[in-house]
file structure-v7.tsv (TSV, C-alpha atoms and all ligand atoms)
chain	number	residue	atom	x	y	z
G	1	MET	CA	-72.59	51.88	-13.22
G	2	GLN	CA	-73.36	53.33	-16.63
G	3	VAL	CA	-71.07	53.15	-19.65
G	4	ARG	CA	-71.40	54.09	-23.29
G	5	LEU	CA	-71.13	51.64	-26.18
G	6	ARG	CA	-68.47	53.46	-28.16
G	7	ALA	CA	-67.86	51.02	-30.99
G	8	MET	CA	-68.77	47.60	-32.28
G	9	ARG	CA	-66.90	45.50	-34.76
G	10	TYR	CA	-67.34	42.29	-36.71
G	11	GLU	CA	-64.75	39.80	-35.44
G	12	ALA	CA	-65.76	36.49	-36.97
G	13	GLU	CA	-68.84	34.63	-38.22
G	14	GLY	CA	-71.45	35.20	-35.51
G	15	ALA	CA	-69.07	37.08	-33.21
G	16	ASN	CA	-68.79	40.83	-32.65
G	17	SER	CA	-66.66	42.84	-30.28
G	18	TYR	CA	-68.09	45.73	-28.30
G	19	GLU	CA	-66.06	48.57	-26.83
G	20	LEU	CA	-67.42	50.32	-23.72
G	21	GLU	CA	-66.20	53.66	-22.37
G	22	ALA	CA	-66.89	55.75	-19.28
G	23	LEU	CA	-69.41	58.58	-19.42
G	24	PRO	CA	-67.99	62.13	-19.34
G	25	GLY	CA	-66.49	62.93	-15.94
G	26	ALA	CA	-66.34	59.28	-14.89
G	27	SER	CA	-63.65	56.66	-15.25
G	28	LEU	CA	-63.71	52.90	-15.66
G	29	PRO	CA	-62.60	50.87	-12.62
G	30	PRO	CA	-59.39	48.97	-13.40
G	31	PHE	CA	-59.61	45.24	-14.07
G	32	THR	CA	-57.31	42.23	-13.97
G	33	ALA	CA	-56.89	39.56	-16.63
G	34	GLY	CA	-59.71	36.99	-16.53
G	35	ALA	CA	-62.29	39.47	-15.19
G	36	HIS	CA	-65.86	39.84	-16.43
G	37	ILE	CA	-68.63	42.39	-16.04
G	38	ASP	CA	-72.33	41.69	-15.64
G	39	VAL	CA	-74.41	43.63	-18.14
G	40	THR	CA	-78.10	44.35	-17.60
G	41	LEU	CA	-79.61	43.85	-21.05
G	42	ALA	CA	-83.24	44.34	-20.06
G	43	PRO	CA	-85.25	44.04	-16.83
G	44	GLY	CA	-84.61	40.48	-15.64
G	45	LEU	CA	-82.02	39.79	-18.32
G	46	THR	CA	-78.40	40.00	-17.14
G	47	ARG	CA	-75.39	38.35	-18.72
G	48	SER	CA	-71.72	38.08	-17.80
G	49	TYR	CA	-69.12	38.94	-20.43
G	50	SER	CA	-65.35	38.60	-20.05
G	51	LEU	CA	-63.09	41.56	-20.75
G	52	ALA	CA	-60.82	40.75	-23.67
G	53	ASN	CA	-58.56	43.77	-23.83
G	54	ASN	CA	-55.24	44.46	-22.14
G	55	PRO	CA	-55.85	45.12	-18.43
G	56	ALA	CA	-53.30	47.94	-18.66
G	57	GLU	CA	-55.78	49.89	-20.81
G	58	ARG	CA	-57.82	52.20	-18.60
G	59	SER	CA	-60.04	53.84	-21.20
G	60	ARG	CA	-62.16	50.93	-22.41
G	61	TYR	CA	-63.65	47.51	-21.74
G	62	ARG	CA	-63.73	45.25	-24.77
G	63	LEU	CA	-66.22	42.38	-24.91
G	64	GLY	CA	-66.56	39.58	-27.44
G	65	VAL	CA	-70.07	38.19	-27.89
G	66	LEU	CA	-70.97	35.13	-29.94
G	67	LEU	CA	-74.54	34.89	-31.21
G	68	GLU	CA	-75.57	31.56	-29.71
G	69	THR	CA	-77.79	29.52	-32.02
G	70	GLU	CA	-79.87	28.53	-29.00
G	71	SER	CA	-79.69	31.93	-27.37
G	72	ARG	CA	-81.87	32.28	-24.29
G	73	GLY	CA	-82.10	35.97	-25.06
G	74	GLY	CA	-78.70	37.34	-24.02
G	75	SER	CA	-76.51	37.17	-27.11
G	76	ARG	CA	-79.48	37.72	-29.43
G	77	HIS	CA	-80.32	40.92	-27.56
G	78	VAL	CA	-76.72	42.15	-27.83
G	79	HIS	CA	-76.40	41.35	-31.54
G	80	GLU	CA	-79.81	42.68	-32.57
G	81	ARG	CA	-80.45	45.59	-30.24
G	82	TRP	CA	-77.19	47.23	-29.26
G	83	ARG	CA	-76.32	50.38	-31.17
G	84	VAL	CA	-73.24	52.58	-30.96
G	85	GLY	CA	-73.93	55.37	-28.47
G	86	ASP	CA	-76.23	53.28	-26.24
G	87	ILE	CA	-75.87	53.77	-22.49
G	88	LEU	CA	-75.54	50.42	-20.74
G	89	GLU	CA	-75.82	49.34	-17.10
G	90	VAL	CA	-72.89	47.19	-16.01
G	91	THR	CA	-71.23	46.07	-12.79
G	92	PRO	CA	-67.61	46.92	-12.05
G	93	PRO	CA	-65.28	44.10	-13.12
G	94	ILE	CA	-65.38	40.89	-11.08
G	95	ASN	CA	-62.65	38.26	-11.38
G	96	ASP	CA	-63.44	34.57	-10.72
G	97	PHE	CA	-60.70	33.43	-13.14
G	98	PRO	CA	-57.59	35.30	-12.07
G	99	LEU	CA	-54.20	34.94	-13.66
G	100	HIS	CA	-51.44	33.81	-11.31
G	101	ALA	CA	-49.01	36.16	-12.92
G	102	ARG	CA	-45.95	35.00	-11.01
G	103	ALA	CA	-46.20	31.34	-12.14
G	104	ALA	CA	-42.98	29.98	-13.62
G	105	HIS	CA	-44.89	28.99	-16.76
G	106	SER	CA	-48.49	29.54	-17.91
G	107	VAL	CA	-50.47	27.64	-20.53
G	108	LEU	CA	-53.57	29.35	-21.94
G	109	ILE	CA	-56.17	27.22	-23.76
G	110	ALA	CA	-59.24	28.69	-25.45
G	111	GLY	CA	-62.06	27.14	-27.43
G	112	GLY	CA	-64.23	29.40	-29.61
G	113	ILE	CA	-65.49	32.54	-27.91
G	114	GLY	CA	-63.70	31.29	-24.76
G	115	ILE	CA	-60.84	33.32	-26.20
G	116	THR	CA	-62.13	36.51	-24.49
G	117	PRO	CA	-60.66	36.14	-20.95
G	118	ILE	CA	-57.70	34.17	-22.33
G	119	LEU	CA	-56.80	37.06	-24.63
G	120	ALA	CA	-56.61	39.49	-21.68
G	121	MET	CA	-54.30	36.98	-19.96
G	122	ALA	CA	-52.14	36.75	-23.08
G	123	GLU	CA	-51.85	40.54	-23.21
G	124	GLU	CA	-50.71	40.65	-19.59
G	125	LEU	CA	-48.26	37.76	-19.91
G	126	ALA	CA	-46.80	39.19	-23.11
G	127	ALA	CA	-46.17	42.50	-21.36
G	128	SER	CA	-44.62	40.75	-18.33
G	129	GLY	CA	-41.99	38.90	-20.34
G	130	ARG	CA	-42.78	35.64	-18.48
G	131	SER	CA	-42.83	32.15	-19.94
G	132	TRP	CA	-46.20	31.20	-21.46
G	133	THR	CA	-47.91	29.54	-24.41
G	134	MET	CA	-51.39	29.86	-25.85
G	135	HIS	CA	-53.55	27.37	-27.75
G	136	TYR	CA	-56.72	28.50	-29.53
G	137	VAL	CA	-59.12	25.98	-31.07
G	138	CYS	CA	-61.99	26.92	-33.38
G	139	ARG	CA	-64.15	25.07	-35.86
G	140	THR	CA	-62.89	27.17	-38.79
G	141	ARG	CA	-60.70	30.20	-39.40
G	142	ALA	CA	-63.81	32.21	-40.35
G	143	ARG	CA	-65.32	31.54	-36.92
G	144	ALA	CA	-62.21	32.51	-34.94
G	145	ALA	CA	-62.77	35.82	-33.16
G	146	PHE	CA	-59.76	38.05	-32.42
G	147	LEU	CA	-57.64	35.81	-34.64
G	148	GLU	CA	-55.45	38.60	-35.96
G	149	ARG	CA	-54.44	39.59	-32.42
G	150	VAL	CA	-53.87	35.98	-31.35
G	151	GLU	CA	-51.67	35.22	-34.37
G	152	ALA	CA	-49.52	38.24	-33.54
G	153	PHE	CA	-48.24	36.45	-30.42
G	154	PRO	CA	-45.27	34.18	-31.18
G	155	GLU	CA	-46.38	32.07	-28.19
G	156	ALA	CA	-49.76	31.25	-29.79
G	157	ALA	CA	-50.78	28.17	-31.77
G	158	VAL	CA	-54.16	28.00	-33.53
G	159	TYR	CA	-56.16	24.92	-34.57
G	160	PHE	CA	-59.19	24.73	-36.88
G	161	ASP	CA	-60.63	21.33	-36.19
G	162	ALA	CA	-63.33	21.38	-38.89
G	163	GLU	CA	-60.94	22.38	-41.66
G	164	PRO	CA	-58.92	19.84	-43.65
G	165	GLY	CA	-55.33	20.24	-42.49
G	166	GLY	CA	-56.45	22.72	-39.81
G	167	GLY	CA	-54.60	20.84	-37.08
G	168	ALA	CA	-55.90	19.15	-33.97
G	169	LEU	CA	-55.17	20.09	-30.41
G	170	ASP	CA	-53.64	17.18	-28.49
G	171	LEU	CA	-54.88	18.40	-25.13
G	172	ALA	CA	-53.64	15.45	-23.07
G	173	GLY	CA	-50.20	15.65	-24.71
G	174	LEU	CA	-50.03	19.40	-24.21
G	175	ILE	CA	-50.94	19.13	-20.54
G	176	GLY	CA	-48.62	16.15	-20.08
G	177	ARG	CA	-45.67	18.20	-21.40
G	178	ALA	CA	-46.28	21.30	-19.25
G	179	PRO	CA	-43.31	21.99	-16.96
G	180	ALA	CA	-43.89	21.08	-13.29
G	181	GLY	CA	-45.38	24.00	-11.39
G	182	SER	CA	-47.18	25.42	-14.44
G	183	HIS	CA	-50.53	27.13	-14.17
G	184	LEU	CA	-52.93	26.09	-16.93
G	185	TYR	CA	-56.09	27.99	-17.87
G	186	CYS	CA	-58.97	26.82	-20.04
G	187	CYS	CA	-62.10	28.60	-21.24
G	188	GLY	CA	-64.47	27.28	-23.88
G	189	PRO	CA	-67.28	24.82	-24.52
G	190	ALA	CA	-68.22	22.13	-22.00
G	191	GLY	CA	-66.49	19.30	-23.95
G	192	LEU	CA	-63.16	21.12	-23.94
G	193	LEU	CA	-63.43	21.90	-20.23
G	194	ALA	CA	-64.29	18.28	-19.41
G	195	ALA	CA	-61.28	17.03	-21.41
G	196	PHE	CA	-59.09	19.62	-19.67
G	197	GLU	CA	-60.26	18.54	-16.22
G	198	THR	CA	-59.68	14.88	-17.05
G	199	ALA	CA	-56.16	15.52	-18.39
G	200	MET	CA	-55.30	17.71	-15.39
G	201	GLN	CA	-55.94	14.79	-13.04
G	202	ALA	CA	-52.63	13.35	-14.24
G	203	ARG	CA	-50.80	16.57	-13.28
G	204	PRO	CA	-51.09	17.11	-9.53
G	205	ASP	CA	-47.82	19.07	-9.78
G	206	CYS	CA	-49.55	21.79	-11.85
G	207	ALA	CA	-52.54	24.05	-11.17
G	208	GLY	CA	-55.57	24.06	-13.48
G	209	HIS	CA	-58.12	26.88	-13.73
G	210	ILE	CA	-61.32	26.92	-15.79
G	211	GLU	CA	-63.98	29.45	-16.69
G	212	ARG	CA	-67.37	28.08	-17.69
G	213	PHE	CA	-69.88	29.83	-19.92
G	214	ALA	CA	-72.59	27.33	-19.15
G	215	SER	CA	-73.12	24.82	-16.40
G	216	ALA	CA	-72.12	21.23	-17.09
G	217	GLU	CA	-75.45	20.20	-15.59
G	218	THR	CA	-78.94	20.44	-17.05
G	219	PRO	CA	-81.21	22.66	-14.95
G	220	ALA	CA	-83.77	20.74	-12.89
G	221	ALA	CA	-87.15	21.51	-14.43
G	222	GLN	CA	-89.13	18.39	-13.62
G	223	GLY	CA	-91.04	20.23	-10.86
G	224	GLY	CA	-93.31	18.23	-8.56
G	225	PHE	CA	-92.20	19.74	-5.25
G	226	ARG	CA	-93.28	22.55	-2.97
G	227	LEU	CA	-91.37	25.59	-1.75
G	228	ILE	CA	-92.11	26.94	1.70
G	229	LEU	CA	-90.89	30.51	2.07
G	230	ARG	CA	-90.25	30.84	5.80
G	231	ARG	CA	-89.92	34.64	6.02
G	232	SER	CA	-92.93	35.55	3.91
G	233	GLY	CA	-95.00	32.54	5.01
G	234	ARG	CA	-95.85	31.63	1.42
G	235	THR	CA	-96.14	28.23	-0.21
G	236	ILE	CA	-95.37	27.86	-3.92
G	237	ASP	CA	-95.65	24.70	-6.02
G	238	VAL	CA	-92.90	24.12	-8.60
G	239	LEU	CA	-94.66	22.64	-11.60
G	240	PRO	CA	-93.25	20.34	-14.29
G	241	GLY	CA	-91.35	22.44	-16.81
G	242	GLN	CA	-90.46	25.08	-14.21
G	243	THR	CA	-87.25	25.76	-12.37
G	244	MET	CA	-87.52	27.00	-8.80
G	245	LEU	CA	-86.64	30.45	-10.08
G	246	ASP	CA	-89.46	30.30	-12.66
G	247	ALA	CA	-91.92	29.36	-9.93
G	248	LEU	CA	-90.71	32.13	-7.63
G	249	LEU	CA	-90.85	34.80	-10.32
G	250	ASP	CA	-94.28	33.63	-11.56
G	251	ALA	CA	-95.53	33.98	-7.99
G	252	GLY	CA	-94.25	37.56	-7.88
G	253	VAL	CA	-91.30	36.89	-5.55
G	254	ASP	CA	-88.52	39.40	-6.16
G	255	ALA	CA	-85.76	36.76	-6.39
G	256	ALA	CA	-82.27	37.90	-7.44
G	257	PHE	CA	-80.69	36.18	-10.44
G	258	ALA	CA	-78.28	36.84	-13.31
G	259	CYS	CA	-76.87	33.95	-15.34
G	260	THR	CA	-79.84	31.55	-14.77
G	261	ASN	CA	-77.32	28.80	-15.36
G	262	GLY	CA	-75.70	27.94	-12.04
G	263	ILE	CA	-72.49	29.86	-12.72
G	264	CYS	CA	-72.58	33.26	-11.09
G	265	GLY	CA	-73.97	32.67	-7.58
G	266	THR	CA	-76.40	35.61	-7.68
G	267	CYS	CA	-79.45	33.47	-6.87
G	268	GLU	CA	-77.89	31.74	-3.84
G	269	THR	CA	-80.61	31.13	-1.24
G	270	LYS	CA	-80.44	29.65	2.29
G	271	VAL	CA	-82.10	26.27	2.75
G	272	LEU	CA	-83.82	25.86	6.11
G	273	ALA	CA	-85.26	22.35	5.59
G	274	GLY	CA	-85.34	19.73	2.86
G	275	VAL	CA	-82.63	18.49	0.50
G	276	PRO	CA	-81.84	20.27	-2.79
G	277	ASP	CA	-80.90	18.51	-6.01
G	278	HIS	CA	-77.83	20.66	-6.74
G	279	ARG	CA	-77.24	21.36	-10.44
G	280	ASP	CA	-74.95	24.40	-10.28
G	281	ASP	CA	-71.25	24.95	-10.87
G	282	PHE	CA	-70.95	27.59	-8.19
G	283	LEU	CA	-71.07	25.75	-4.86
G	284	THR	CA	-68.18	23.52	-3.85
G	285	ASP	CA	-68.77	19.80	-3.34
G	286	ALA	CA	-68.58	20.36	0.43
G	287	GLU	CA	-71.16	23.14	0.25
G	288	LYS	CA	-73.45	20.94	-1.81
G	289	ALA	CA	-73.12	18.12	0.70
G	290	ALA	CA	-73.99	20.50	3.55
G	291	ASN	CA	-77.32	21.41	1.84
G	292	ALA	CA	-77.41	24.77	3.62
G	293	LYS	CA	-77.81	26.78	0.42
G	294	VAL	CA	-79.12	26.31	-3.08
G	295	MET	CA	-78.92	28.02	-6.47
G	296	VAL	CA	-82.61	28.40	-7.26
G	297	CYS	CA	-82.05	29.14	-10.95
G	298	CYS	CA	-81.09	25.60	-11.83
G	299	SER	CA	-81.37	23.23	-8.87
G	300	GLY	CA	-84.31	21.06	-7.86
G	301	ALA	CA	-85.38	19.16	-4.74
G	302	ARG	CA	-84.82	15.59	-3.55
G	303	THR	CA	-87.54	16.00	-0.91
G	304	PRO	CA	-91.25	16.81	-1.46
G	305	THR	CA	-90.75	20.23	0.12
G	306	LEU	CA	-87.89	22.67	0.35
G	307	GLU	CA	-87.99	25.40	2.94
G	308	LEU	CA	-86.14	28.56	1.91
G	309	ASP	CA	-85.09	31.71	3.74
G	310	LEU	CA	-87.23	33.97	1.56
G	401	LIG	S1	-78.49	33.12	-11.39
G	401	LIG	FE1	-76.40	32.68	-11.60
G	401	LIG	S2	-76.16	30.94	-10.33
G	401	LIG	FE2	-78.28	31.27	-10.35

call {"tool": "encode", "arguments": {"input": "structure-v7.tsv", "output": "structure tokens", "more": "lines below"}}
Ligand code: FES
result
Amino acid sequence: MQVRLRAMRYEAEGANSYELEALPGASLPPFTAGAHIDVTLAPGLTRSYSLANNPAERSRYRLGVLLETESRGGSRHVHERWRVGDILEVTPPINDFPLHARAAHSVLIAGGIGITPILAMAEELAASGRSWTMHYVCRTRARAAFLERVEAFPEAAVYFDAEPGGGALDLAGLIGRAPAGSHLYCCGPAGLLAAFETAMQARPDCAGHIERFASAETPAAQGGFRLILRRSGRTIDVLPGQTMLDALLDAGVDAAFACTNGICGTCETKVLAGVPDHRDDFLTDAEKAANAKVMVCCSGARTPTLELDL
């Protein structure tokens, strides 16, 4: 669907917020806390951005976008090219990180720009009157997006781990103290998510939920195997330095993709023969073991050939 970029605002060093509205005569589909939309930035360049505003608001979607220093094109495009008034192509909201709103207690943990879905959850929990706390870690106060809104919640604690006296988040202690039956949510950089997952192993009586921005795995780009496309009868060599998706696109195959990072599932492809080297965060362990499908954007092959349903 199409939306208009109504406003943009500086939020913190390197981070802007962007407010999207419906075009005249249309309305925005409602969303739930934790949802994201996929935004088509340019042909072949799609990125997912979480919605940071209160889900009760029906007139806007608010995104927070950090300019990544090693941007693969997404955040750089947003920061450098978007102008107020632009018409953008987006999907309706999708929620892979839903809030279990009826939990007896909720703990929200955000690192850096991971605050975006967590903020929508905080808005919803604050309105519900339920028991919850929020913990927001950033390098410095100047780099903390949406800080003013976060600090307005009495349930929120903030930590600036690169500032003298900025406080440190004791993640294991925090998780260890959560009341039994709590739901805990974490969004942020890979190191924070890994520490969260480790600490949650000691709390089988609670439920942990994470939202990744980037896969924990490095994409397989060593090449050296062959793709056999059963439906089209084509054979394509994946060369060193290429992912399967690179090889497919270079050969003119119209392969679907979005995140290019093993997160979203858009590039899922059926495997008809051969064994993939799974590098995504989308398939479950059981699905990976079954080897019946593969995320071509980031996975490789453990066999000299991989036969795909393409
Ligand atoms: S494009 Fe998102 S998982 Fe491959």

call {"tool": "residues_near_ligand", "arguments": {"input": "structure-v7.tsv", "ligand": "ligand LIG 401 (chain G)", "cutoff": "9 Å", "atoms": "all atoms listed in the file", "output": "list in words"}}
result
Thr46, Leu245, Ala256, Phe257, Ala258, Cys259, Thr260, Asn261, Gly262, Ile263, Cys264, Gly265, Thr266, Cys267, Glu268, Asp280, Asp281, Phe282, Val294, Met295, Val296, Cys297, Cys298 and Ser299 of chain G

call {"tool": "residues_near_point", "arguments": {"input": "structure-v7.tsv", "point": "(-73.9, 26.6, 1.5)", "cutoff": "12 Å", "atoms": "all atoms listed in the file", "output": "list in words"}}
result
Gly265, Glu268, Thr269, Lys270, Val271, Leu272, Val275, Pro276, His278, Phe282, Leu283, Thr284, Asp285, Ala286, Glu287, Lys288, Ala289, Ala290, Asn291, Ala292, Lys293, Val294 and Met295 of chain G

call {"tool": "atom_distance", "arguments": {"input": "structure-v7.tsv", "atom1": "CA of Ala199 (chain G)", "atom2": "CA of Arg177 (chain G)"}}
result
11.2 Å

call {"tool": "residues_around", "arguments": {"input": "structure-v7.tsv", "residues": "region 146-154 of chain G", "least_positions_apart": "4", "cutoff": "10 Å", "atoms": "only C-alpha atoms", "output": "list in words"}}
result
Tyr10, Glu11, Ala12, Ala15, Asn16, Ser17, Ala52, Gly64, Ile113, Ile115, Thr116, Ile118, Leu119, Ala122, Glu123, Ala126, Thr133, Met134, His135, Tyr136, Cys138, Arg141, Ala142 and Val158 of chain G

call {"tool": "write_last_selection", "arguments": {"input": "structure-v7.tsv", "atoms": "C-alpha atoms", "output": "JSON list (two decimals), in the frame of the given file"}}
result
[["chain", "number", "residue", "atom", "x", "y", "z"],
["G", 10, "TYR", "CA", -67.34, 42.29, -36.71],
["G", 11, "GLU", "CA", -64.75, 39.80, -35.44],
["G", 12, "ALA", "CA", -65.76, 36.49, -36.97],
["G", 15, "ALA", "CA", -69.07, 37.08, -33.21],
["G", 16, "ASN", "CA", -68.79, 40.83, -32.65],
["G", 17, "SER", "CA", -66.66, 42.84, -30.28],
["G", 52, "ALA", "CA", -60.82, 40.75, -23.67],
["G", 64, "GLY", "CA", -66.56, 39.58, -27.44],
["G", 113, "ILE", "CA", -65.49, 32.54, -27.91],
["G", 115, "ILE", "CA", -60.84, 33.32, -26.20],
["G", 116, "THR", "CA", -62.13, 36.51, -24.49],
["G", 118, "ILE", "CA", -57.70, 34.17, -22.33],
["G", 119, "LEU", "CA", -56.80, 37.06, -24.63],
["G", 122, "ALA", "CA", -52.14, 36.75, -23.08],
["G", 123, "GLU", "CA", -51.85, 40.54, -23.21],
["G", 126, "ALA", "CA", -46.80, 39.19, -23.11],
["G", 133, "THR", "CA", -47.91, 29.54, -24.41],
["G", 134, "MET", "CA", -51.39, 29.86, -25.85],
["G", 135, "HIS", "CA", -53.55, 27.37, -27.75],
["G", 136, "TYR", "CA", -56.72, 28.50, -29.53],
["G", 138, "CYS", "CA", -61.99, 26.92, -33.38],
["G", 141, "ARG", "CA", -60.70, 30.20, -39.40],
["G", 142, "ALA", "CA", -63.81, 32.21, -40.35],
["G", 158, "VAL", "CA", -54.16, 28.00, -33.53]]

call {"tool": "closest_residue", "arguments": {"input": "structure-v7.tsv", "among": "G:Leu66, G:Val78, G:Ile94, G:Ala156", "to": "His36 (chain G)", "atoms": "only C-alpha atoms"}}
result
G:Ile94

call {"tool": "axis_aligned_box", "arguments": {"input": "structure-v7.tsv", "around": "region 132-147 of chain G", "padding_each_side": "8 Å", "output": "AutoDock Vina command-line options"}}
result
--center_x -55.8 --center_y 31.6 --center_z -30.9 --size_x 35.1 --size_y 29.0 --size_z 34.9

call {"tool": "atom_distance", "arguments": {"input": "structure-v7.tsv", "atom1": "CA of Trp82 (chain G)", "atom2": "CA of Thr69 (chain G)"}}
result
17.9 Å

call {"tool": "closest_residue", "arguments": {"input": "structure-v7.tsv", "among": "G:Leu63, G:Met1, G:Val39, G:Val238", "to": "Gln222 (chain G)", "atoms": "only C-alpha atoms"}}
result
G:Val238

call {"tool": "closest_residue", "arguments": {"input": "structure-v7.tsv", "among": "G:Pro43, G:Leu67, G:Ser48, G:Leu88", "to": "Ala22 (chain G)", "atoms": "only C-alpha atoms"}}
result
G:Leu88

call {"tool": "atom_distance", "arguments": {"input": "structure-v7.tsv", "atom1": "CA of Arg60 (chain G)", "atom2": "CA of Glu21 (chain G)"}}
result
4.9 Å

call {"tool": "closest_residue", "arguments": {"input": "structure-v7.tsv", "among": "G:Leu229, G:Ala178, G:Ala145, G:Leu192", "to": "Arg9 (chain G)", "atoms": "all atoms listed in the file"}}
result
G:Ala145

call {"tool": "residues_around", "arguments": {"input": "structure-v7.tsv", "residues": "region 26-30 of chain G", "least_positions_apart": "4", "cutoff": "12 Å", "atoms": "only C-alpha atoms", "output": "number ranges by chain"}}
result
G: 1-4, 20-22, 35-37, 51, 53-62, 90-95

call {"tool": "closest_residue", "arguments": {"input": "structure-v7.tsv", "among": "G:Ile210, G:Ala42, G:Ala144, G:Ala247", "to": "Arg226 (chain G)", "atoms": "all atoms listed in the file"}}
result
G:Ala247

call {"tool": "residues_near_point", "arguments": {"input": "structure-v7.tsv", "point": "(-91.8, 36.4, -4.2)", "cutoff": "10 Å", "atoms": "all atoms listed in the file", "output": "list of chain:residue names"}}
result
G:Leu229, G:Ser232, G:Arg234, G:Ile236, G:Leu245, G:Ala247, G:Leu248, G:Leu249, G:Asp250, G:Ala251, G:Gly252, G:Val253, G:Asp254, G:Ala255, G:Leu310

call {"tool": "closest_residue", "arguments": {"input": "structure-v7.tsv", "among": "G:Thr303, G:Ser106, G:Ser182, G:Ser50", "to": "Arg212 (chain G)", "atoms": "all atoms listed in the file"}}
result
G:Ser50

call {"tool": "build_atoms", "arguments": {"input": "structure-v7.tsv", "residues": "region 64-84 of chain G", "atoms": "N, CA and C atoms", "output": "PDB file, in the frame of the given file"}}
result
ATOM      1  N   GLY G  64     -66.320  40.347 -26.220  1.00  0.00           N
ATOM      2  CA  GLY G  64     -66.560  39.580 -27.440  1.00  0.00           C
ATOM      3  C   GLY G  64     -67.823  38.769 -27.212  1.00  0.00           C
ATOM      4  N   VAL G  65     -68.801  38.883 -28.100  1.00  0.00           N
ATOM      5  CA  VAL G  65     -70.070  38.190 -27.890  1.00  0.00           C
ATOM      6  C   VAL G  65     -70.411  37.354 -29.120  1.00  0.00           C
ATOM      7  N   LEU G  66     -70.579  36.059 -28.878  1.00  0.00           N
ATOM      8  CA  LEU G  66     -70.970  35.130 -29.940  1.00  0.00           C
ATOM      9  C   LEU G  66     -72.487  35.004 -29.940  1.00  0.00           C
ATOM     10  N   LEU G  67     -73.094  35.113 -31.110  1.00  0.00           N
ATOM     11  CA  LEU G  67     -74.540  34.890 -31.210  1.00  0.00           C
ATOM     12  C   LEU G  67     -74.793  33.391 -31.090  1.00  0.00           C
ATOM     13  N   GLU G  68     -75.333  32.976 -29.947  1.00  0.00           N
ATOM     14  CA  GLU G  68     -75.570  31.560 -29.710  1.00  0.00           C
ATOM     15  C   GLU G  68     -76.779  31.122 -30.538  1.00  0.00           C
ATOM     16  N   THR G  69     -76.662  29.968 -31.192  1.00  0.00           N
ATOM     17  CA  THR G  69     -77.790  29.520 -32.020  1.00  0.00           C
ATOM     18  C   THR G  69     -79.013  29.215 -31.155  1.00  0.00           C
ATOM     19  N   GLU G  70     -78.740  28.780 -29.895  1.00  0.00           N
ATOM     20  CA  GLU G  70     -79.870  28.530 -29.000  1.00  0.00           C
ATOM     21  C   GLU G  70     -79.883  29.587 -27.909  1.00  0.00           C
ATOM     22  N   SER G  71     -79.747  30.832 -28.324  1.00  0.00           N
ATOM     23  CA  SER G  71     -79.690  31.930 -27.370  1.00  0.00           C
ATOM     24  C   SER G  71     -80.944  31.965 -26.522  1.00  0.00           C
ATOM     25  N   ARG G  72     -80.726  32.113 -25.182  1.00  0.00           N
ATOM     26  CA  ARG G  72     -81.870  32.280 -24.290  1.00  0.00           C
ATOM     27  C   ARG G  72     -82.204  33.757 -24.150  1.00  0.00           C
ATOM     28  N   GLY G  73     -81.727  34.565 -25.068  1.00  0.00           N
ATOM     29  CA  GLY G  73     -82.100  35.970 -25.060  1.00  0.00           C
ATOM     30  C   GLY G  73     -80.927  36.901 -24.930  1.00  0.00           C
ATOM     31  N   GLY G  74     -79.815  36.454 -24.299  1.00  0.00           N
ATOM     32  CA  GLY G  74     -78.700  37.340 -24.020  1.00  0.00           C
ATOM     33  C   GLY G  74     -77.952  37.759 -25.273  1.00  0.00           C
ATOM     34  N   SER G  75     -77.339  36.796 -25.956  1.00  0.00           N
ATOM     35  CA  SER G  75     -76.510  37.170 -27.110  1.00  0.00           C
ATOM     36  C   SER G  75     -77.368  37.703 -28.260  1.00  0.00           C
ATOM     37  N   ARG G  76     -78.596  37.204 -28.362  1.00  0.00           N
ATOM     38  CA  ARG G  76     -79.480  37.720 -29.430  1.00  0.00           C
ATOM     39  C   ARG G  76     -79.779  39.199 -29.177  1.00  0.00           C
ATOM     40  N   HIS G  77     -80.042  39.528 -27.908  1.00  0.00           N
ATOM     41  CA  HIS G  77     -80.320  40.920 -27.560  1.00  0.00           C
ATOM     42  C   HIS G  77     -79.117  41.796 -27.935  1.00  0.00           C
ATOM     43  N   VAL G  78     -77.928  41.348 -27.559  1.00  0.00           N
ATOM     44  CA  VAL G  78     -76.720  42.150 -27.830  1.00  0.00           C
ATOM     45  C   VAL G  78     -76.558  42.359 -29.339  1.00  0.00           C
ATOM     46  N   HIS G  79     -76.651  41.266 -30.093  1.00  0.00           N
ATOM     47  CA  HIS G  79     -76.400  41.350 -31.540  1.00  0.00           C
ATOM     48  C   HIS G  79     -77.484  42.151 -32.269  1.00  0.00           C
ATOM     49  N   GLU G  80     -78.723  42.045 -31.815  1.00  0.00           N
ATOM     50  CA  GLU G  80     -79.810  42.680 -32.570  1.00  0.00           C
ATOM     51  C   GLU G  80     -80.168  44.070 -32.080  1.00  0.00           C
ATOM     52  N   ARG G  81     -79.935  44.341 -30.788  1.00  0.00           N
ATOM     53  CA  ARG G  81     -80.450  45.590 -30.240  1.00  0.00           C
ATOM     54  C   ARG G  81     -79.390  46.635 -29.959  1.00  0.00           C
ATOM     55  N   TRP G  82     -78.182  46.219 -29.654  1.00  0.00           N
ATOM     56  CA  TRP G  82     -77.190  47.230 -29.260  1.00  0.00           C
ATOM     57  C   TRP G  82     -76.813  48.111 -30.444  1.00  0.00           C
ATOM     58  N   ARG G  83     -76.730  49.403 -30.172  1.00  0.00           N
ATOM     59  CA  ARG G  83     -76.320  50.380 -31.170  1.00  0.00           C
ATOM     60  C   ARG G  83     -75.227  51.254 -30.580  1.00  0.00           C
ATOM     61  N   VAL G  84     -74.307  51.673 -31.414  1.00  0.00           N
ATOM     62  CA  VAL G  84     -73.240  52.580 -30.960  1.00  0.00           C
ATOM     63  C   VAL G  84     -73.879  53.830 -30.351  1.00  0.00           C
TER      64      VAL G  84
END
